Structure formats: C-alpha cells, structure tokens
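Enquirer: Sharing final34.txt here; it has compact mmCIF, C-alpha atoms.
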# COMPACT_ATOMS: atom_id res chain seq x y z
CA MET A 1 116.86 117.84 71.54
CA TYR A 2 115.87 121.50 71.31
CA CYS A 3 118.14 122.29 74.26
CA ILE A 4 121.10 120.59 72.60
CA VAL A 5 120.59 122.50 69.36
CA HIS A 6 120.02 125.74 71.23
CA CYS A 7 123.19 125.25 73.29
CA PHE A 8 125.16 124.25 70.21
CA VAL A 9 124.09 127.38 68.33
CA TYR A 10 124.85 129.55 71.35
CA ILE A 11 128.28 128.02 71.86
CA PHE A 12 129.27 128.37 68.20
CA ALA A 13 127.77 131.85 67.96
CA SER A 14 130.10 132.96 70.71
CA HIS A 15 133.03 131.32 68.81
CA TYR A 16 133.88 129.31 71.86
CA ILE A 17 133.33 125.58 72.01
CA ASP A 18 132.66 124.70 75.62
CA LEU A 19 131.83 121.00 75.79
CA LYS A 20 131.19 121.25 79.52
CA SER A 21 128.38 123.77 78.88
CA LEU A 22 126.98 121.62 76.11
CA TYR A 23 126.94 118.57 78.39
CA LYS A 24 125.37 120.58 81.23
CA CYS A 25 122.61 121.81 78.92
CA TYR A 26 122.04 118.26 77.62
CA CYS A 27 121.79 116.87 81.14
CA MET A 28 119.37 119.59 82.23
CA ASP A 29 117.18 118.80 79.22
CA ILE A 30 117.25 115.06 79.98
CA GLU A 31 116.32 115.64 83.62
CA ASN A 32 113.49 117.97 82.58
CA SER A 33 112.18 115.37 80.14
CA LYS A 34 112.32 112.66 82.80
CA ALA A 35 110.51 114.94 85.28
CA GLN A 36 107.77 115.62 82.73
CA MET A 37 107.30 111.88 82.12
CA ARG A 38 107.05 111.25 85.88
CA LYS A 39 104.50 114.03 86.29
CA GLY A 40 102.47 112.55 83.48
CA VAL A 41 102.06 109.22 85.25
CA LEU A 42 101.99 110.47 88.84
CA GLU A 43 98.22 110.84 88.96
CA MET A 44 97.77 107.26 87.79
CA CYS A 45 100.32 105.99 90.32
CA ILE A 46 98.64 107.82 93.21
CA LEU A 47 95.21 106.54 92.25
CA SER A 48 96.60 103.03 91.82
CA THR A 49 98.26 103.20 95.24
CA LEU A 50 94.97 104.27 96.80
CA LYS A 51 93.17 101.42 95.09
CA GLU A 52 95.23 99.07 97.28
CA ALA A 53 94.26 100.74 100.55
CA GLU A 54 93.00 103.84 102.30
CA LEU A 55 96.15 105.85 103.07
CA TYR A 56 97.29 109.13 104.51
CA PRO A 57 99.76 111.25 102.50
CA THR A 58 102.92 110.08 104.27
CA GLU A 59 102.02 106.47 103.47
CA ILE A 60 101.37 107.40 99.84
CA LEU A 61 104.79 109.05 99.63
CA GLU A 62 106.45 106.00 101.21
CA ARG A 63 104.83 103.62 98.72
CA LEU A 64 105.77 105.79 95.77
CA LYS A 65 109.33 106.05 97.08
CA ALA A 66 109.50 102.27 97.52
CA ALA A 67 108.57 101.99 93.83
CA LYS A 68 111.44 104.43 92.98
CA LEU A 69 109.02 107.25 92.12
CA LEU A 70 110.25 110.15 94.22
CA VAL A 71 107.58 112.72 95.00
CA VAL A 72 107.67 115.59 97.46
CA GLU A 73 104.84 116.74 99.71
CA GLY A 74 104.59 120.01 97.80
CA THR A 75 103.62 118.03 94.70
CA LEU A 76 101.41 115.47 96.42
CA TYR A 77 99.08 117.67 98.47
CA PRO A 78 97.83 119.88 95.61
CA LEU A 79 97.30 116.79 93.47
CA LEU A 80 95.30 115.05 96.22
CA THR A 81 93.18 118.19 96.62
CA ARG A 82 92.52 118.39 92.87
CA LEU A 83 91.62 114.69 92.67
CA LYS A 84 89.27 115.12 95.64
CA ASN A 85 87.65 118.18 94.08
CA GLU A 86 87.13 116.21 90.86
CA GLY A 87 85.27 113.53 92.83
CA LEU A 88 87.92 110.85 92.27
CA LEU A 89 88.96 110.68 95.93
CA THR A 90 87.30 111.07 99.26
CA TYR A 91 88.86 111.32 102.70
CA ARG A 92 88.11 110.87 106.36
CA TRP A 93 89.79 112.20 109.46
CA ALA A 94 91.13 109.67 111.97
CA GLU A 95 92.95 110.04 115.25
CA SER A 96 96.67 109.46 115.04
CA PRO A 97 98.56 107.32 117.54
CA SER A 98 100.97 110.26 117.79
CA GLY A 99 100.25 113.85 116.90
CA PRO A 100 97.27 115.48 115.21
CA PRO A 101 94.47 113.63 113.39
CA ARG A 102 95.30 112.28 109.94
CA LYS A 103 93.43 112.63 106.69
CA TYR A 104 93.03 109.21 105.04
CA TYR A 105 92.28 109.19 101.31
CA LYS A 106 90.51 106.53 99.30
CA LEU A 107 89.16 106.12 95.79
CA THR A 108 85.55 106.86 95.03
CA PRO A 109 83.68 104.67 92.52
CA ALA A 110 84.29 107.42 89.94
CA GLY A 111 87.98 107.31 90.87
CA GLU A 112 88.12 103.56 90.29
CA THR A 113 86.53 103.97 86.85
CA PHE A 114 88.88 106.84 86.02
CA LEU A 115 91.88 104.77 87.13
CA GLN A 116 90.85 101.87 84.90
CA GLU A 117 90.64 104.26 81.94
CA LEU A 118 94.07 105.69 82.77
CA ILE A 119 95.56 102.20 82.99
CA TYR A 120 94.00 101.25 79.67
CA GLY A 121 95.40 104.43 78.11
CA TRP A 122 98.80 103.76 79.69
CA TYR A 123 99.04 100.31 78.11
CA GLU A 124 97.98 101.67 74.73
CA LEU A 125 100.62 104.39 74.95
CA HIS A 126 103.27 102.00 76.25
CA ASP A 127 102.63 99.55 73.42
CA ALA A 128 102.79 102.29 70.79
CA VAL A 129 106.04 103.68 72.20
CA GLU A 130 107.55 100.18 72.38
CA ARG A 131 106.67 99.55 68.72
CA ILE A 132 108.30 102.81 67.70
CA ILE A 133 111.42 102.23 69.78
CA LYS A 134 111.84 98.65 68.55
CA ARG A 135 111.26 99.62 64.92
CA ASN A 136 113.76 102.48 65.11
CA ASN A 137 116.38 100.43 66.93
CA THR A 138 116.22 97.56 64.44
CA ASN A 139 116.86 100.00 61.57
CA THR A 140 120.12 101.31 63.06
What does the file become when written as structure tokens?
Expert:
Amino acid sequence: MYCIVHCFVYIFASHYIDLKSLYKCYCMDIENSKAQMRKGVLEMCILSTLKEAELYPTEILERLKAAKLLVVEGTLYPLLTRLKNEGLLTYRWAESPSGPPRKYYKLTPAGETFLQELIYGWYELHDAVERIIKRNNTNT
C-alpha cells in the first residue's frame, strides 16, 4: 500500500498521470510482499521437508519446487548453514553415484521440537489471518 501511495504522490507531483508507472509500482510492491511471505515460511518448509527424510540440497530444492515454493540455491545454502549452526540440523557426507560426495541433512531432536513449535505458531497465525479476512470480506 505504501508503494501505491508513494507512486501516486510522485505521479501527481510531477503533474503527469502515468497509469503504466502506477501499475508497475503496484506490481513490484505485490511481488515484494509475496517474496517476504515466502521467506517467512521457508525455514518451516525446509525443516518440514527434512522431517520426511534425510536429503541433500538438490533434493530439498526439488521437493520445494514440487510444492510450488520456488527457492534458489543461493537462498537455501546459507539457511541450511544457519539451521545447522543453531543445532536444528545435522549432516553427513556420503559418496555420490556420480560426482563428488554429497552432504545429507537431517533434523536433530532440537530441530524436531523447533519445527513443532513453528507449525503450532503457523496454525495460530493462519487462523487469526483467516478470521480477519473473513470478517473484513463479509462487511464489504
């Protein structure tokens, strides 16, 4: 919303109404908001994926992609390292059928507990947001 107002003020301040610029600014703001929401749940999705099985990063990316959550390696690797450093994940090296050895990640007991807390918090947040959305949509 801030971006729309900011763009609107800018466009009118220049005495030139450019709807294309306004739409572009709106779309950039929407995409940024969506990206922030995805980042907010990415940690939970990665931990949840690793609860299913011990996986190496390419497999994690494939599972996230199959769920329509697109993540790039440049986002995944630092997150895996941080989760490992926090004691939520552990890893082991294993020979690969082709190429160099692979690092397989799995949840630690602390990671499983943390994941359960994240899931609980997710459902609380989801329910609260649903109540707000439903209440506001029934009043329009």
Enquirer: Work out how far apart CA of Val41 in chain A and CA of Tyr105 in chain A are and give it in Å to one decimal.
Expert: 18.8 Å
Enquirer: Would you work out the distance separating CA of Pro57 in chain A from CA of Leu80 in chain A, expressed in Å to one decimal?
Expert: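 Pair CA of Pro57 in chain A / CA of Leu80 in chain A returns 8.6 Å.
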Enquirer: As an exercise, work out the distance from CA of Leu89 in chain A to CA of Leu125 in chain A in Å and give it to one decimal place.
Expert: 24.8 Å
Enquirer: So that I can check the surroundings of range 111-124 of chain A, please list as a list of chain:residue names every protein, DNA and RNA residue that reaches within 8 Å of it, counting all atoms listed in the file and ignoring chain neighbours fewer than 5 positions away.
Expert: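 These residues fall inside the cut-off: A:Met44, A:Leu47, A:Ser48, A:Lys51, A:Gly87, A:Leu88, A:Leu89.
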Enquirer: Pick out the closest residue to Asn85 in chain A from this set: A:Ala66, A:Val71, A:Ala35, A:Thr108. Count all atoms listed in the file.
Expert: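 That would be A:Thr108, the residue with the smallest distance to Asn85 in chain A.
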Enquirer: Within 12 Å of Thr58 in chain A, counting only C-alpha atoms, which residues qualify if same-chain residues fewer than 6 places away don't, as an MDAnalysis selection string?
Expert: chainID A and resid 64:65 71:74 76:77 102:105
Enquirer: Output, as JSON, the centre and edge lengths in Å (one decimal) of the axis-aligned box that contains all listed atoms of range 46-57 of chain A with 6 Å of margin on each side.
Expert:
{"center_x": 96.4, "center_y": 105.2, "center_z": 98.2, "size_x": 18.8, "size_y": 24.2, "size_z": 24.7}
